[in-house]
Amino acid sequence: MGDFSVIKKLCVAFLSCFMVISAAWSGKIANLEYIHNAIQAEWGFFLPWNEEVRSTMAAANMKYLLHAMDETNWTVNSEDISDYAEDPLATMRAADTNATDVAVVDLIDVRGLTFRTTTDTTEFSIKIAAKGTFTIKWGDGVNETFTHDTTEQKTYSHTYDKAEAHYIKLLGKATEYNSTGGDIIVQYSDGGVDESLGEVSGATPTIKIATPANLYKIYNSLGSVFPTLADGSQPSFNTFCEGCTNLVGPIPANLLAGITGESDKAYQFRRMFLNCYKLNGEIPAGMFAGITGRPTTAQFMQTFYNCKSLTGGIPADVFGGLNGDVTLALFYETFNGARGLTGALSDQLFANIGGAPKPMMFLGTFGCVNLPDGECWSKMSMKNPIPAKLFGKIEGAPAYKMFHSTFAFSGHTGGYPAGLFAGIKGPGAPGMFEATFQQARGMGGQIPEDFFAGITWSPDMSRAFALTFCQTWAGGNIPENLFTEYDEDGNYVRGIEGAPSAEMFNGTWTDSGASNLPAKLFAGIRGKPAKAMFANTFHWNSVGDIPEGFFDGIEGEPAESMFSGTFSAGDAWSSTTKIPKGLFAKISGPAAKNMFNGTFSNNKSLVDIGYDAATGTSGHPIFGNITGSWVSGMFSNTFSNATKLASDSAKMTVITENEDGTTSSAIKYLYEVFTPSGDANTYNGATGLTDYANIPELWK
């Protein structure tokens, strides 16, 4: 019937406030309609009118208000838990709007783990994977008590006589949890899929809403039914409310109360609220702080993915109990698309999480990618600087996709903090900084020259810096020592020194506002060409003229798409006027598909091909001894729409082996060596070339 000491305390609190003669506090006299509307607004439930009510616009007294609280408590708990209307303080004195608002918040008491359904609910299902005796009060007078004698997942369902909102209460205590799970397959933001991680402990959710579209609200604690057990074992809320598209907040502050200690569950909170895009309010402070000790695999993977209605900041202590080494995919897209979050990231957010990097550990953590409504970068609210020490305890060699899309499409401002990746030291890894800041358009200022200072070469660095600063609109100069540093005598100091990998710099600065090309930017990149290694690297930028020897370290047989779109531009971005002689001279061998497809296309500032700065002359070869017959796309659109070109068209050095074993060389136009299999459009629009009249039609 309720705790009368609490009833008295609460009643006195708002009744005394009402009775104090204070015009500043007192609200308007509440009518009956106001009370019922206030209950519905706060709890999503319309309390039926008392049969004796003649006019809903009549003034309400305190007794009616408290009776309404009793009726609501009975409705949401399926039992009598309060007798507020019988208390001596329940007088006939008029109730005002302020007293009503206080009562609706403080006197309605939802006990146990309770779910409120949407108003169109005719069926509701819950999946449970835990031993124990449980009772489900379905909210229509039907109560179901059962003993779940296995930890295997079982579905409990109920059908209602009519569609309306129901308050479903789950009572009982779990006694054992599922310690096995199913295969987990990781899908990346770029659409790629990793191999299955196999049988993952804790992958099976302890509780899961099986009719997610019909959940409207959650009250109280999951831990009240599924706490940490005496032996330390914990529940898993993997996919607990995935796809609950009608769930609103706020998230109960005590949602995980009773869940404490070191977790033994991988994927424990994976996709817990994935795509709950109506979930509003703030993330409770210390929400996961009861989980202590080392993190588990993918523990917070996509926990709040696409929860775009959440507001406030990310509490600094939300993971406050974790203390140990980072794990595989630990914060994979944890807040991805939660674009309503505001405030600055605290440098204490991962304060006790360290150790050597792990694959995908921060993939898409604060980004806004791969979401159905697109263009979410412009709506991201977290517009504060990134703390320099955010990853301060992460130390060791890079790992696969470790910072893939971490801040991509985010609203962060304030530039690139020096030392952000200071602890990352060792041989590079595939995709390690892929799209890290892609379309984080509030970022600006200079990239620190030691930003990647600890990275050294490894045999596979595919997509290592692909799209890293793509469309950041950052502006400023690219530091010459960003990837490799040499002293004044040309001696190696630090950085990457070795052959390129596939797509290593694919789109790194596409449409980024980069304004220069440092002569030694790629001085350490030395070796055989790789597929799409420099595809679109400086696409749509005003980077000025290309330094001589810019790609001198690249030597060997051509690779597919190796320079596709590298310096391609648009009207507003063109600034390259001269292509230096011998730019690609060290690349020789059989032609490859799309190898120079659109390399300089749309560069309408380009005047000269094969310029020699030492002599001030033009017309020198820029290509080396490329052999074989025409391959699809090899020179397609290479100089198309370069409308200001006024030099000879592109030339190459042809090496011929003589019968006596010697070689001879000759300089020839591209069109003298190769015949396109169709319209190549290599020089389309470049009518100012001195030899334009001699160029075969298939090249134009």
# chains A, B, ... in the order shown; residues from 1 in each chain; ligands from 1
call {"tool": "residues_around", "arguments": {"residues": "segment 34-40 of chain A", "least_positions_apart": "3", "cutoff": "8 Å", "atoms": "only C-alpha atoms", "output": "list in words"}}
result
Ala30, Asn31, Trp43, Gly44, Phe45, Phe46, Leu47, Leu65, Ala68, Thr97, Thr100, Asp101 and Val104 of chain A
call {"tool": "write_last_selection", "arguments": {"atoms": "N, CA and C atoms", "output": "compact mmCIF listing (two decimals), in the first residue's frame"}}
result
# COMPACT_ATOMS: atom_id res chain seq x y z
N ALA A 30 -5.60 24.26 -11.12
CA ALA A 30 -5.66 23.20 -12.13
C ALA A 30 -7.08 22.68 -12.27
N ASN A 31 -7.52 22.49 -13.51
CA ASN A 31 -8.79 21.78 -13.70
C ASN A 31 -8.50 20.30 -13.91
N TRP A 43 3.79 10.23 -18.65
CA TRP A 43 3.84 8.77 -18.61
C TRP A 43 3.25 8.10 -19.84
N GLY A 44 2.74 8.89 -20.77
CA GLY A 44 2.19 8.29 -21.98
C GLY A 44 0.94 7.47 -21.73
N PHE A 45 0.22 7.79 -20.69
CA PHE A 45 -0.96 7.00 -20.32
C PHE A 45 -2.13 7.96 -20.06
N PHE A 46 -3.27 7.68 -20.66
CA PHE A 46 -4.44 8.51 -20.38
C PHE A 46 -5.29 7.83 -19.32
N LEU A 47 -5.35 8.45 -18.17
CA LEU A 47 -6.14 7.91 -17.07
C LEU A 47 -7.62 8.17 -17.34
N LEU A 65 -6.52 15.08 -7.11
CA LEU A 65 -5.17 14.96 -7.67
C LEU A 65 -4.47 13.72 -7.13
N ALA A 68 -5.87 10.52 -8.43
CA ALA A 68 -5.36 10.27 -9.78
C ALA A 68 -3.98 9.63 -9.73
N THR A 97 -1.48 24.18 -10.77
CA THR A 97 -0.72 23.51 -11.82
C THR A 97 0.67 23.09 -11.35
N THR A 100 0.36 19.98 -9.32
CA THR A 100 0.08 18.87 -10.24
C THR A 100 1.37 18.37 -10.90
N ASP A 101 2.18 19.31 -11.38
CA ASP A 101 3.42 18.92 -12.06
C ASP A 101 4.35 18.16 -11.13
N VAL A 104 2.87 14.55 -10.44
CA VAL A 104 2.99 13.63 -11.58
C VAL A 104 4.40 13.06 -11.68
call {"tool": "select_by_dssp", "arguments": {"residues": "segment 39-284 of chain A", "states": "strand (DSSP E or B)", "output": "PyMOL selection string"}}
result
chain A and resi 59+61+94+96+113-117+123-128+130-137+143-148+154-159+167-177+183+187+193+199+207-209+215-219+261-262+281-282
call {"tool": "closest_residue", "arguments": {"among": "A:Ser568, A:Thr643, A:Asn491, A:Thr484", "to": "Pro518 of chain A", "atoms": "only C-alpha atoms"}}
result
A:Thr484
call {"tool": "closest_residue", "arguments": {"among": "A:Asn597, A:Thr180, A:Gln471, A:Thr311", "to": "Phe538 of chain A", "atoms": "only C-alpha atoms"}}
result
A:Gln471
call {"tool": "atom_distance", "arguments": {"atom1": "atom CA of Met361 of chain A", "atom2": "atom CA of Thr206 of chain A"}}
result
24.4 Å
call {"tool": "closest_residue", "arguments": {"among": "A:Phe331, A:Ala435, A:Ile291, A:Leu689", "to": "Phe319 of chain A", "atoms": "only C-alpha atoms"}}
result
A:Ile291
call {"tool": "atom_distance", "arguments": {"atom1": "atom CA of Lys389 of chain A", "atom2": "atom CA of Leu420 of chain A"}}
result
6.0 Å
call {"tool": "select_by_dssp", "arguments": {"residues": "segment 474-699 of chain A", "states": "alpha helix (DSSP H)", "output": "number ranges by chain"}}
result
A: 670-673
call {"tool": "closest_residue", "arguments": {"among": "A:Phe409, A:Phe403, A:Phe335, A:Phe505", "to": "Pro359 of chain A", "atoms": "only C-alpha atoms"}}
result
A:Phe403
call {"tool": "residues_around", "arguments": {"residues": "Ile455 of chain A", "least_positions_apart": "2", "cutoff": "6 Å", "atoms": "only C-alpha atoms", "output": "PyMOL selection string"}}
result
chain A and resi 425-428+452-453+495
call {"tool": "residues_around", "arguments": {"residues": "Trp49 of chain A", "least_positions_apart": "4", "cutoff": "9 Å", "atoms": "only C-alpha atoms", "output": "PDB file with C-alpha atoms, in the first residue's frame"}}
result
ATOM      1  CA  LEU A  32      -9.381  18.067 -14.097  1.00  0.00           C
ATOM      2  CA  HIS A  36      -5.137  13.993 -16.898  1.00  0.00           C
ATOM      3  CA  VAL A  53     -16.956  13.848 -13.074  1.00  0.00           C
ATOM      4  CA  THR A  56     -13.510  18.136 -17.195  1.00  0.00           C
TER       5      THR A  56
END
call {"tool": "atom_distance", "arguments": {"atom1": "atom CA of Lys131 of chain A", "atom2": "atom CA of Gln153 of chain A"}}
result
9.8 Å
